[in-house]
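Okay, start.txt now, which holds compact mmCIF, C-alpha atoms:
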```txt
# COMPACT_ATOMS: atom_id res chain seq x y z
CA MET A 1 30.38 54.45 -106.76
CA ALA A 2 27.33 52.83 -108.26
CA ARG A 3 24.01 54.64 -107.88
CA THR A 4 20.55 53.34 -108.36
CA THR A 5 17.73 55.39 -109.81
CA ARG A 6 14.01 54.95 -109.58
CA SER A 7 11.89 55.76 -112.58
CA LYS A 8 8.29 56.93 -112.50
CA ALA A 9 5.73 54.20 -112.73
CA SER A 10 3.76 54.09 -115.93
CA ALA A 11 0.03 54.49 -116.03
CA SER A 12 -0.51 50.79 -116.67
CA THR A 13 1.65 49.85 -113.69
CA ALA A 14 -0.20 52.25 -111.42
CA LYS A 15 -3.51 50.86 -112.63
CA SER A 16 -2.44 47.28 -111.97
CA LYS A 17 -1.29 48.22 -108.46
CA SER A 18 -4.58 49.91 -107.71
CA ASP A 19 -6.44 46.82 -108.94
CA SER A 20 -4.30 44.55 -106.76
CA LYS A 21 -5.02 46.73 -103.72
CA LYS A 22 -8.73 46.47 -104.39
CA THR A 23 -8.56 42.69 -104.66
CA SER A 24 -6.41 42.31 -101.50
CA THR A 25 -8.86 44.28 -99.39
CA PRO A 26 -10.93 41.81 -97.34
CA ASN A 27 -14.55 41.54 -98.26
CA PRO A 28 -16.72 42.76 -95.35
CA GLU A 29 -19.44 40.35 -96.47
CA SER A 30 -17.18 37.25 -96.12
CA LYS A 31 -18.87 34.19 -94.67
CA TYR A 32 -16.04 33.35 -92.23
CA THR A 33 -13.65 35.56 -90.29
CA LEU A 34 -10.19 34.35 -89.32
CA PRO A 35 -9.61 34.77 -85.59
CA ALA A 36 -6.36 36.03 -84.10
CA GLU A 37 -3.62 33.58 -83.15
CA SER A 38 -4.53 31.74 -79.98
CA LEU A 39 -2.26 31.98 -76.96
CA ASN A 40 -3.22 28.42 -76.00
CA PRO A 41 -3.42 26.51 -79.29
CA PRO A 42 -4.91 23.01 -79.35
CA LYS A 43 -2.61 20.00 -79.14
CA LEU A 44 -3.01 16.57 -80.66
CA PHE A 45 -3.07 13.64 -78.21
CA ILE A 46 -3.36 9.90 -78.80
CA LEU A 47 -5.00 8.40 -75.72
CA PRO A 48 -5.53 4.71 -74.92
CA THR A 49 -8.94 3.30 -75.78
CA LYS A 50 -9.13 1.63 -72.36
CA ALA A 51 -8.98 4.97 -70.55
CA THR A 52 -12.32 5.95 -69.04
CA LYS A 53 -14.02 9.34 -69.06
CA GLU A 54 -12.84 9.93 -65.50
CA ALA A 55 -9.19 10.03 -66.67
CA ARG A 56 -7.46 13.34 -66.04
CA ILE A 57 -4.21 15.03 -67.08
CA VAL A 58 -2.36 15.93 -63.87
CA SER A 59 1.01 17.40 -62.83
CA LEU A 60 3.39 15.05 -61.03
CA LEU A 61 7.12 15.21 -60.34
CA ASN A 62 9.36 13.93 -63.08
CA PRO A 63 11.49 11.13 -61.58
CA ARG A 64 14.59 12.14 -63.52
CA TYR A 65 14.64 15.92 -63.12
CA GLY A 66 12.28 16.49 -60.18
CA LYS A 67 10.16 19.04 -62.09
CA PRO A 68 6.36 19.02 -62.53
CA THR A 69 5.41 17.10 -65.67
CA ARG A 70 2.07 16.21 -67.26
CA TYR A 71 0.76 12.65 -66.90
CA LEU A 72 -2.52 10.95 -67.73
CA VAL A 73 -4.08 9.20 -64.72
CA CYS A 74 -7.03 6.86 -65.16
CA PRO A 75 -8.69 5.43 -62.01
CA GLU A 76 -9.27 2.12 -63.80
CA THR A 77 -6.24 1.46 -66.01
CA GLY A 78 -3.38 3.29 -64.26
CA ILE A 79 -0.89 6.05 -65.08
CA TYR A 80 0.43 7.07 -68.52
CA GLU A 81 3.27 9.31 -69.63
CA PHE A 82 3.26 11.48 -72.76
CA THR A 83 5.88 10.86 -75.42
CA LYS A 84 6.34 13.79 -77.78
CA ILE A 85 6.85 12.98 -81.47
CA ALA A 86 7.92 16.03 -83.47
CA ALA A 87 8.92 16.63 -87.08
CA PRO A 88 12.58 17.57 -87.72
CA LYS A 89 13.32 21.29 -87.77
CA SER A 90 14.71 21.05 -91.29
CA THR A 91 11.26 20.05 -92.62
CA PRO A 92 8.64 22.01 -90.65
CA ARG A 93 5.09 20.69 -90.83
CA SER A 94 1.68 21.53 -89.37
CA TRP A 95 -1.61 19.87 -88.43
CA LEU A 96 -5.02 20.63 -89.89
CA ILE A 97 -7.43 19.69 -87.09
CA GLN A 98 -11.08 19.28 -88.00
CA CYS A 99 -13.63 19.85 -85.26
CA GLU A 100 -16.85 18.04 -84.52
CA SER A 101 -20.13 18.74 -86.30
CA THR A 102 -21.00 21.20 -83.53
CA ASP A 103 -18.35 23.57 -84.96
CA LYS A 104 -16.58 23.82 -81.62
CA VAL A 105 -13.94 22.00 -79.67
CA GLU A 106 -14.74 20.76 -76.20
CA GLY A 107 -13.14 23.07 -73.67
CA LYS A 108 -12.55 25.94 -76.10
CA THR A 109 -13.70 29.42 -75.11
CA SER A 110 -15.27 32.10 -77.25
CA GLU A 111 -12.02 34.08 -77.19
CA ASP A 112 -10.22 31.34 -79.11
CA GLY A 113 -12.79 31.55 -81.86
CA THR A 114 -15.27 28.86 -82.88
CA GLU A 115 -16.47 30.24 -86.18
CA LEU A 116 -14.54 27.78 -88.33
CA SER A 117 -14.78 24.00 -88.13
CA ALA A 118 -10.99 23.45 -88.45
CA TYR A 119 -7.74 24.65 -86.92
CA ILE A 120 -4.18 24.84 -88.22
CA THR A 121 -1.33 24.41 -85.77
CA LYS A 122 2.19 25.74 -86.30
CA GLY A 123 3.99 22.54 -85.34
CA ALA A 124 3.19 18.93 -86.15
CA ASP A 125 3.78 17.72 -82.59
CA LEU A 126 2.07 14.53 -81.52
CA TYR A 127 1.69 13.41 -77.89
CA VAL A 128 1.27 9.65 -77.39
CA ALA A 129 0.16 8.32 -73.98
CA THR A 130 2.11 5.19 -73.02
CA PRO A 131 1.90 3.25 -69.72
CA VAL A 132 4.52 4.04 -67.09
CA ASP A 133 5.38 2.06 -63.97
CA PRO A 134 4.33 4.02 -60.83
CA ILE A 135 7.63 2.95 -59.24
CA PHE A 136 9.40 5.73 -61.12
CA LEU A 137 6.90 8.35 -59.94
CA LEU A 138 7.53 7.28 -56.33
CA LEU A 139 11.31 7.64 -56.51
CA PRO A 140 11.35 11.42 -55.77
CA ALA A 141 9.75 10.60 -52.40
CA PHE A 142 12.84 8.52 -51.51
CA ALA A 143 15.43 10.99 -52.80
CA ASN A 144 15.92 12.54 -49.34
CA GLN A 145 15.68 10.01 -46.53
CA SER A 146 17.44 12.04 -43.83
CA ALA A 147 14.17 12.67 -41.95
CA HIS A 148 13.43 8.94 -41.80
CA THR A 149 16.77 7.82 -40.40
CA LYS A 150 17.84 7.12 -36.85
CA ASP A 151 21.47 6.46 -35.93
CA GLY A 152 22.29 6.21 -39.64
CA ARG A 153 19.64 3.57 -40.34
CA ARG A 154 16.36 4.03 -42.15
CA MET A 155 13.12 3.57 -40.27
CA PHE A 156 9.81 2.01 -41.28
CA VAL A 157 7.19 4.71 -41.97
CA THR A 158 3.78 4.77 -43.60
CA SER A 159 3.17 5.48 -47.26
CA ASP A 160 1.61 8.88 -46.42
CA ASP A 161 4.81 9.91 -44.62
CA HIS A 162 6.84 9.09 -47.73
CA LEU A 163 4.44 10.90 -50.06
CA ASP A 164 4.30 14.02 -47.89
CA PHE A 165 7.71 15.02 -49.27
CA ILE A 166 6.37 15.41 -52.81
CA LYS A 167 2.79 16.52 -52.17
CA SER A 168 3.82 20.17 -51.98
CA GLU A 169 5.52 20.01 -55.40
CA SER A 170 2.99 17.67 -57.03
CA SER A 171 -0.14 19.77 -57.00
CA HIS A 172 -2.48 17.00 -58.09
CA LEU A 173 -1.05 14.10 -56.07
CA SER A 174 -3.46 14.61 -53.17
CA GLU A 175 -6.44 14.51 -55.54
CA ILE A 176 -5.50 11.26 -57.28
CA LEU A 177 -4.75 9.60 -53.90
CA ARG A 178 -8.46 9.92 -53.14
CA TRP A 179 -9.15 7.38 -55.86
CA GLY A 180 -9.03 4.03 -54.10
CA LYS A 181 -7.55 2.03 -56.96
CA ILE A 182 -4.78 4.55 -57.58
CA ARG A 183 -3.77 4.53 -53.90
CA THR A 184 -3.76 0.73 -53.89
CA LEU A 185 -1.67 0.72 -57.08
CA LEU A 186 0.91 3.13 -55.64
CA GLU A 187 1.21 1.21 -52.36
CA SER A 188 1.59 -2.13 -54.16
CA ARG A 189 4.39 -0.74 -56.34
CA MET A 190 5.97 0.92 -53.31
CA ALA A 191 6.17 -2.52 -51.68
CA ALA A 192 8.17 -3.76 -54.69
CA ILE A 193 11.07 -1.38 -53.90
CA CYS A 194 10.71 -1.23 -50.10
CA GLU A 195 10.97 -3.56 -47.17
CA THR A 196 7.59 -3.87 -45.46
CA ALA A 197 6.49 -4.46 -41.89
CA GLU A 198 2.99 -4.77 -40.47
CA ALA A 199 2.06 -2.43 -37.61
CA GLY A 200 -1.53 -3.19 -36.68
CA ASP A 201 -3.78 -2.36 -39.59
CA GLU A 202 -1.14 -0.29 -41.41
CA THR A 203 1.77 -1.37 -43.58
CA MET A 204 5.12 0.33 -42.95
CA PHE A 205 7.68 0.85 -45.72
CA ARG A 206 11.48 1.24 -45.74
CA PHE A 207 13.26 2.04 -48.99
CA SER A 208 15.77 -0.55 -50.28
CA GLU A 209 18.25 0.09 -53.12
CA ASP A 210 18.74 -3.66 -53.60
CA LYS A 211 15.05 -4.22 -54.35
CA LEU A 212 15.07 -1.22 -56.71
CA LEU A 213 18.08 -2.73 -58.49
CA ASP A 214 16.21 -6.02 -58.92
CA GLU A 215 13.20 -4.21 -60.43
CA ILE A 216 15.27 -2.17 -62.90
CA LEU A 217 17.35 -5.20 -63.82
CA SER A 218 14.25 -7.30 -64.53
CA LYS A 219 12.91 -4.56 -66.82
CA ALA A 220 16.24 -4.35 -68.63
CA GLN A 221 16.29 -8.14 -69.10
CA LYS A 222 12.85 -8.00 -70.71
CA MET A 223 14.11 -5.29 -73.09
CA SER A 224 17.22 -7.31 -74.01
CA GLU A 225 15.31 -10.47 -74.90
CA GLN A 226 14.82 -9.07 -78.40
CA PRO A 227 16.83 -6.57 -80.48
CA LEU A 228 16.62 -2.97 -79.33
CA PRO A 229 15.27 -0.21 -81.60
CA LYS A 230 17.42 0.11 -84.71
CA SER A 231 19.10 3.39 -83.74
CA MET A 232 20.03 2.07 -80.28
CA GLU A 233 21.06 -1.33 -81.62
CA ASP A 234 23.41 0.18 -84.22
CA LYS A 235 25.01 2.79 -81.97
CA PHE A 236 25.28 1.03 -78.61
CA VAL A 237 25.49 -2.66 -79.55
CA THR A 238 26.74 -3.24 -83.10
CA LYS A 239 29.36 -0.49 -83.22
CA VAL A 240 30.59 -1.12 -79.68
CA LEU A 241 31.13 -4.84 -80.34
CA GLU A 242 32.57 -4.34 -83.84
CA ALA A 243 36.12 -5.68 -84.04
CA PRO A 244 38.82 -4.24 -86.33
CA VAL A 245 39.13 -6.02 -89.68
CA VAL A 246 42.28 -7.28 -91.34
CA GLY A 247 42.80 -7.20 -95.11
CA VAL A 248 43.93 -10.60 -96.45
CA LYS A 249 45.27 -10.75 -100.03
CA ARG A 250 44.37 -14.01 -101.77
CA GLU A 251 46.18 -15.12 -104.99
CA ASN A 252 44.52 -17.23 -107.66
CA THR A 253 46.47 -20.52 -107.90
CA THR A 254 45.05 -21.54 -111.30
CA ALA A 255 47.90 -19.88 -113.22
CA SER A 256 50.68 -21.58 -111.25
CA ALA A 257 49.00 -24.97 -111.52
CA THR A 258 48.70 -24.52 -115.28
CA GLU A 259 52.33 -23.51 -115.63
CA GLN A 260 53.60 -26.48 -113.65
CA THR A 261 51.65 -29.07 -115.66
CA GLU A 262 52.42 -27.50 -119.02
CA THR A 263 54.53 -29.51 -121.55
CA PRO A 264 56.61 -27.57 -124.10
CA ALA A 265 56.80 -28.55 -127.78
CA PRO A 266 59.65 -30.99 -128.61
CA THR A 267 62.71 -29.66 -130.41
CA SER A 268 63.74 -30.86 -133.86
CA GLY A 269 66.94 -32.44 -132.54
CA SER A 270 65.44 -34.62 -129.76
CA SER A 271 63.35 -37.74 -130.07
CA THR A 272 61.75 -37.75 -126.59
CA PRO A 273 59.69 -34.90 -125.07
CA LYS A 274 61.09 -33.12 -122.01
CA VAL A 275 58.95 -31.64 -119.21
CA GLU A 276 60.24 -28.29 -118.00
CA SER A 277 59.06 -25.86 -115.35
CA VAL A 278 58.99 -22.12 -115.72
CA ASP A 279 62.38 -21.74 -114.08
CA SER A 280 64.00 -24.33 -116.30
CA GLN A 281 62.54 -22.72 -119.42
CA SER A 282 64.12 -19.38 -118.54
CA SER A 283 67.56 -21.02 -118.13
CA THR A 284 67.71 -23.07 -121.35
CA SER A 285 70.49 -22.63 -123.85
CA SER A 286 70.27 -20.76 -127.13
CA THR A 287 69.85 -24.00 -129.07
CA GLU A 288 66.37 -24.44 -127.55
CA THR A 289 65.03 -20.97 -128.32
CA THR A 290 62.18 -22.36 -130.40
CA ALA A 291 60.86 -24.53 -127.57
CA THR A 292 61.27 -21.74 -125.04
CA SER A 293 59.35 -19.23 -127.13
CA ALA A 294 56.54 -21.71 -127.68
CA SER A 295 56.33 -22.46 -123.97
CA ASP A 296 56.29 -18.75 -123.06
CA ALA A 297 53.53 -18.12 -125.58
CA SER A 298 51.38 -20.92 -124.20
CA THR A 299 51.99 -19.75 -120.59
CA ALA A 300 50.97 -16.20 -121.46
CA ALA A 301 47.81 -17.50 -123.11
CA THR A 302 46.73 -19.65 -120.19
CA SER A 303 47.77 -17.54 -117.21
CA VAL A 304 45.60 -14.81 -115.65
CA PRO A 305 46.91 -11.26 -115.10
CA PRO A 306 47.94 -10.62 -111.49
CA ASP A 307 45.37 -7.84 -111.07
CA GLU A 308 42.54 -10.23 -111.87
CA SER A 309 43.88 -13.23 -109.94
CA SER A 310 44.50 -11.41 -106.63
CA ALA A 311 41.75 -10.13 -104.37
CA THR A 312 41.71 -8.50 -100.94
CA GLU A 313 39.21 -9.85 -98.44
CA GLU A 314 38.41 -8.16 -95.14
CA ILE A 315 38.15 -10.63 -92.28
CA PRO A 316 37.22 -9.56 -88.73
CA THR A 317 39.80 -10.50 -86.14
CA VAL A 318 37.24 -11.70 -83.56
CA GLN A 319 33.50 -12.22 -83.58
CA ALA A 320 31.12 -11.50 -80.70
CA SER A 321 29.23 -14.52 -79.42
CA PRO A 322 25.44 -14.41 -78.87
CA GLU A 323 26.05 -14.35 -75.12
CA VAL A 324 28.23 -11.24 -75.42
CA VAL A 325 25.67 -9.51 -77.64
CA LYS A 326 22.89 -10.22 -75.15
CA LEU A 327 24.98 -8.89 -72.26
CA GLN A 328 25.71 -5.69 -74.18
CA ARG A 329 21.99 -5.25 -74.86
CA LEU A 330 21.28 -5.76 -71.16
CA ARG A 331 23.84 -3.16 -70.15
CA THR A 332 22.49 -0.70 -72.73
CA ALA A 333 18.88 -1.22 -71.61
CA PHE A 334 19.85 -0.76 -67.95
CA ALA A 335 21.70 2.47 -68.75
CA PHE A 336 18.74 3.74 -70.78
CA LEU A 337 16.28 3.14 -67.92
CA CYS A 338 18.59 4.88 -65.45
CA SER A 339 19.10 7.89 -67.74
CA ALA A 340 15.38 8.28 -68.51
CA TYR A 341 13.58 7.59 -65.23
CA ILE A 342 16.01 7.80 -62.32
CA ALA A 343 17.69 10.84 -60.78
CA PRO A 344 21.48 11.10 -61.38
CA PRO A 345 22.55 10.35 -57.76
CA GLN A 346 20.34 7.26 -57.56
CA ALA A 347 21.36 6.17 -61.08
CA ALA A 348 25.07 6.36 -60.18
CA LEU A 349 24.43 4.30 -57.05
CA LEU A 350 22.56 1.65 -59.05
CA GLN A 351 25.39 1.45 -61.61
CA GLN A 352 27.86 0.80 -58.80
CA LYS A 353 25.64 -1.87 -57.29
CA LEU A 354 25.26 -3.52 -60.70
CA THR A 355 29.03 -3.90 -61.10
CA LYS A 356 29.26 -5.45 -57.62
CA ALA A 357 26.11 -7.56 -57.98
CA ASP A 358 26.10 -11.27 -57.38
CA LYS A 359 27.08 -13.34 -60.42
CA ALA A 360 23.92 -15.36 -59.95
CA LYS A 361 21.92 -12.29 -61.04
CA VAL A 362 24.08 -11.24 -63.98
CA ASP A 363 27.71 -11.88 -64.92
CA PHE A 364 29.31 -9.30 -67.22
CA ALA A 365 32.73 -11.00 -67.14
CA PRO A 366 32.49 -12.38 -70.74
CA LEU A 367 31.47 -8.96 -72.04
CA ASP A 368 34.26 -7.15 -70.18
CA THR A 369 36.83 -9.66 -71.45
CA TYR A 370 35.64 -9.24 -75.04
CA LEU A 371 35.67 -5.43 -74.81
CA ALA A 372 39.20 -5.47 -73.38
CA GLN A 373 40.32 -7.71 -76.25
CA ILE A 374 38.75 -5.39 -78.83
CA THR A 375 40.42 -2.36 -77.24
CA GLN A 376 43.82 -4.04 -77.44
CA LEU A 377 43.28 -5.05 -81.07
CA ARG A 378 42.29 -1.50 -82.02
CA GLN A 379 45.40 -0.10 -80.38
CA GLU A 380 47.61 -2.62 -82.19
CA ALA A 381 45.92 -1.89 -85.53
CA ALA A 382 46.32 1.86 -85.05
CA ALA A 383 49.99 1.45 -84.11
CA ALA A 384 50.66 -0.81 -87.12
CA ARG A 385 48.94 1.64 -89.45
CA SER A 386 50.92 4.61 -88.16
CA ILE A 387 54.25 2.74 -88.40
CA GLY A 388 53.62 1.25 -91.82
CA ASP A 389 52.55 4.39 -93.67
CA TYR A 390 53.72 7.84 -92.59
CA SER A 391 51.92 9.54 -95.47
CA ARG A 392 48.53 8.29 -94.30
CA LYS A 393 46.22 10.88 -92.81
CA ARG A 394 45.03 10.54 -89.25
CA VAL A 395 41.97 8.31 -89.08
CA MET A 396 39.17 9.90 -87.08
CA ASP A 397 37.19 7.80 -84.68
CA GLU A 398 33.43 7.37 -84.78
CA GLU A 399 32.72 10.16 -82.28
CA GLU A 400 34.69 12.70 -84.30
CA LEU A 401 32.97 11.64 -87.51
CA ALA A 402 29.55 11.90 -85.86
CA GLU A 403 30.41 15.34 -84.47
CA ARG A 404 31.60 16.52 -87.89
CA ARG A 405 28.40 15.26 -89.55
CA GLU A 406 26.30 16.96 -86.87
CA SER A 407 28.10 20.31 -87.30
CA LYS A 408 27.74 20.05 -91.07
CA ARG A 409 24.03 19.35 -90.74
CA ARG A 410 23.60 22.33 -88.40
CA LYS A 411 25.44 24.58 -90.84
CA GLU A 412 23.23 23.45 -93.71
CA GLU A 413 20.10 24.10 -91.65
CA GLU A 414 21.39 27.56 -90.74
CA ASP A 415 22.10 28.38 -94.38
CA LYS A 416 18.64 27.21 -95.40
CA ARG A 417 17.06 29.32 -92.66
CA LYS A 418 19.02 32.40 -93.71
CA LYS A 419 18.15 31.92 -97.38
CA ALA A 420 14.49 31.45 -96.53
CA GLY A 421 14.47 34.76 -94.61
CA GLU A 422 16.11 36.78 -97.35
CA SER A 423 13.96 39.06 -99.44
CA ARG A 424 13.99 39.14 -103.20
CA GLY A 425 15.86 42.44 -103.25
CA VAL A 426 18.68 41.06 -101.12
CA LYS A 427 18.98 38.03 -103.39
CA ASN A 428 19.19 40.28 -106.45
CA LEU A 429 21.82 42.49 -104.81
CA LYS A 430 24.02 39.44 -104.24
CA LYS A 431 24.08 38.86 -107.99
CA VAL A 432 25.43 42.38 -108.73
CA ASP A 433 28.98 42.43 -110.05
CA THR A 434 30.94 44.57 -107.56
CA ALA A 435 34.29 44.24 -109.35
CA GLY A 436 36.03 47.66 -109.51
CA MET A 437 33.66 49.29 -107.01
CA LYS A 438 34.97 50.94 -103.89
CA LYS A 439 33.83 49.79 -100.50
CA MET A 440 32.00 52.12 -98.14
CA SER A 441 34.91 51.98 -95.70
CA ASP A 442 37.21 53.57 -98.31
CA PHE A 443 35.34 56.90 -98.03
CA PHE A 444 35.94 57.14 -94.27
CA LYS A 445 39.68 56.54 -94.24
CA LYS A 446 42.09 59.27 -93.21
CA LYS A 447 43.60 61.16 -96.11
```
Using structure tokens, write down the structure from this file.
Amino acid sequence: MARTTRSKASASTAKSKSDSKKTSTPNPESKYTLPAESLNPPKLFILPTKATKEARIVSLLNPRYGKPTRYLVCPETGIYEFTKIAAPKSTPRSWLIQCESTDKVEGKTSEDGTELSAYITKGADLYVATPVDPIFLLLPAFANQSAHTKDGRRMFVTSDDHLDFIKSESSHLSEILRWGKIRTLLESRMAAICETAEAGDETMFRFSEDKLLDEILSKAQKMSEQPLPKSMEDKFVTKVLEAPVVGVKRENTTASATEQTETPAPTSGSSTPKVESVDSQSSTSSTETTATSASDASTAATSVPPDESSATEEIPTVQASPEVVKLQRLRTAFAFLCSAYIAPPQAALLQQKLTKADKAKVDFAPLDTYLAQITQLRQEAAAARSIGDYSRKRVMDEEELAERRESKRRKEEEDKRKKAGESRGVKNLKKVDTAGMKKMSDFFKKK
């Protein structure tokens, strides 16, 4: 069993260590002192320039998950949501935030430390405020309509009655409703997804899924007027509409044309030349061996080798028309809006209504026909491939390939994280040659 020994440190080594300890000791007369890590570190926000000083960050219900989420509400310009932009975990980054000339950040307390004029954050997260339609923030108020129904039919109620369902969970909703423009904005957007009726001076509202479908569909149509973001366009439009390709082998006809028009050299015994094809040259008698050899030599000189004359070209079986591409973009945009801003039960109901919608609104028949044709072609290509070549390995589909790449990427990140956490001693121990050494478990076996 290998043993390690530790020798006594020399005088020079001890002296160098003592010098390093002296240099690592903090100087009590330092100009700045580093404060302890803050429990509430500063975050970096990008706010719209049109937002006024009265704008506030409030907690409202998330329309998708029904949990309190931070939003920026401005009494003049409307409501904004925060989109988080973070660096990938494989390449961690940080922000160096410089403060104002007053050497303090507005809203910071003395406990967080204001001695230095800059801060370093652990993560490079960036929060961008983008406008959001108040319709989505009103949807949680219509999630449970059992209290506003009579004999299975919804009733007309005021906007306050609808909002009372979410006031208890949205702590700041009552405060922003005091702003006149925000209340007017919410009621105007509520009228876009509700049927309205006038009752004296008040306007009554009744939720309508059909009007909500029209609003979401109009937003999706605006998104589909131009190509979607590259990642979405490639994954949900291009790959979905991609048809299987067929390899077509094309032969170069120059060699055959040359052979057919070629004239062999006349023989010594004939007075008139004779035109012969390749087949006739191979079947001539022994008396014409001279002419045949000359013809073969000229054919070999003018013809092109088969490897160079043949080429395989991949041709798609079908091609998606611009109408089909636009319909696929529309369906993708609609699904994205439902998955990002609408609760799952309401999103499923809207998807059903979209399939049964009037053809005057949108007709997905050409897209469905094209997708069915592609599915059939893929099945035929897979069957032909499996019958034609039994030695061919199973071809994985795109989902399996993506899953394999994702697992490989995770494994690489894990290995990098483990290597980064290893000390120098552990790395050196891995390099030790353990050939011929006994394992620790060998000493605890029964004899």
Selected residue of minimal separation from Leu185 in chain A among A:Thr332, A:Ser170, A:Gln346, A:Ser159, counting all atoms listed in the file: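 Among A:Thr332, A:Ser170, A:Gln346, A:Ser159, it is A:Ser159 that comes nearest to Leu185 in chain A.
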Expressed in Å to a single decimal, how great is the separation between CA of Leu228 in chain A and CA of Thr49 in chain A?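 Separating CA of Leu228 in chain A from CA of Thr49 in chain A is a distance of 26.6 Å.
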Pick the closest to Phe142 in chain A from A:Leu44, A:Ile193, A:Leu330, A:Leu39: which is it, counting all atoms listed in the file?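 Result for the nearest residue to Phe142 in chain A: A:Ile193.
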Which distance in Å separates CA of Lys181 in chain A and CA of Thr77 in chain A, to one decimal?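 Rounded to one decimal, the two atoms are 9.2 Å apart.
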Nearby residues (all atoms listed in the file) at most 10 Å from Asp214 in chain A, same-chain spacing under 2 positions excluded, as a PyMOL selection string: chain A and resi 192-193+209-212+216-220+350+354+361
Only C-alpha atoms, please: the residues just picked out, written as a PDB file, in the coordinates of the input.
```
ATOM      1  CA  ALA A 192       8.170  -3.760 -54.690  1.00  0.00           C
ATOM      2  CA  ILE A 193      11.070  -1.380 -53.900  1.00  0.00           C
ATOM      3  CA  GLU A 209      18.250   0.090 -53.120  1.00  0.00           C
ATOM      4  CA  ASP A 210      18.740  -3.660 -53.600  1.00  0.00           C
ATOM      5  CA  LYS A 211      15.050  -4.220 -54.350  1.00  0.00           C
ATOM      6  CA  LEU A 212      15.070  -1.220 -56.710  1.00  0.00           C
ATOM      7  CA  ILE A 216      15.270  -2.170 -62.900  1.00  0.00           C
ATOM      8  CA  LEU A 217      17.350  -5.200 -63.820  1.00  0.00           C
ATOM      9  CA  SER A 218      14.250  -7.300 -64.530  1.00  0.00           C
ATOM     10  CA  LYS A 219      12.910  -4.560 -66.820  1.00  0.00           C
ATOM     11  CA  ALA A 220      16.240  -4.350 -68.630  1.00  0.00           C
ATOM     12  CA  LEU A 350      22.560   1.650 -59.050  1.00  0.00           C
ATOM     13  CA  LEU A 354      25.260  -3.520 -60.700  1.00  0.00           C
ATOM     14  CA  LYS A 361      21.920 -12.290 -61.040  1.00  0.00           C
TER      15      LYS A 361
END
```
Find, counting all atoms listed in the file, the residue in A:Arg331, A:Ser208, A:Phe444, A:Leu138 that gets nearest to Ser188 in chain A. A:Leu138
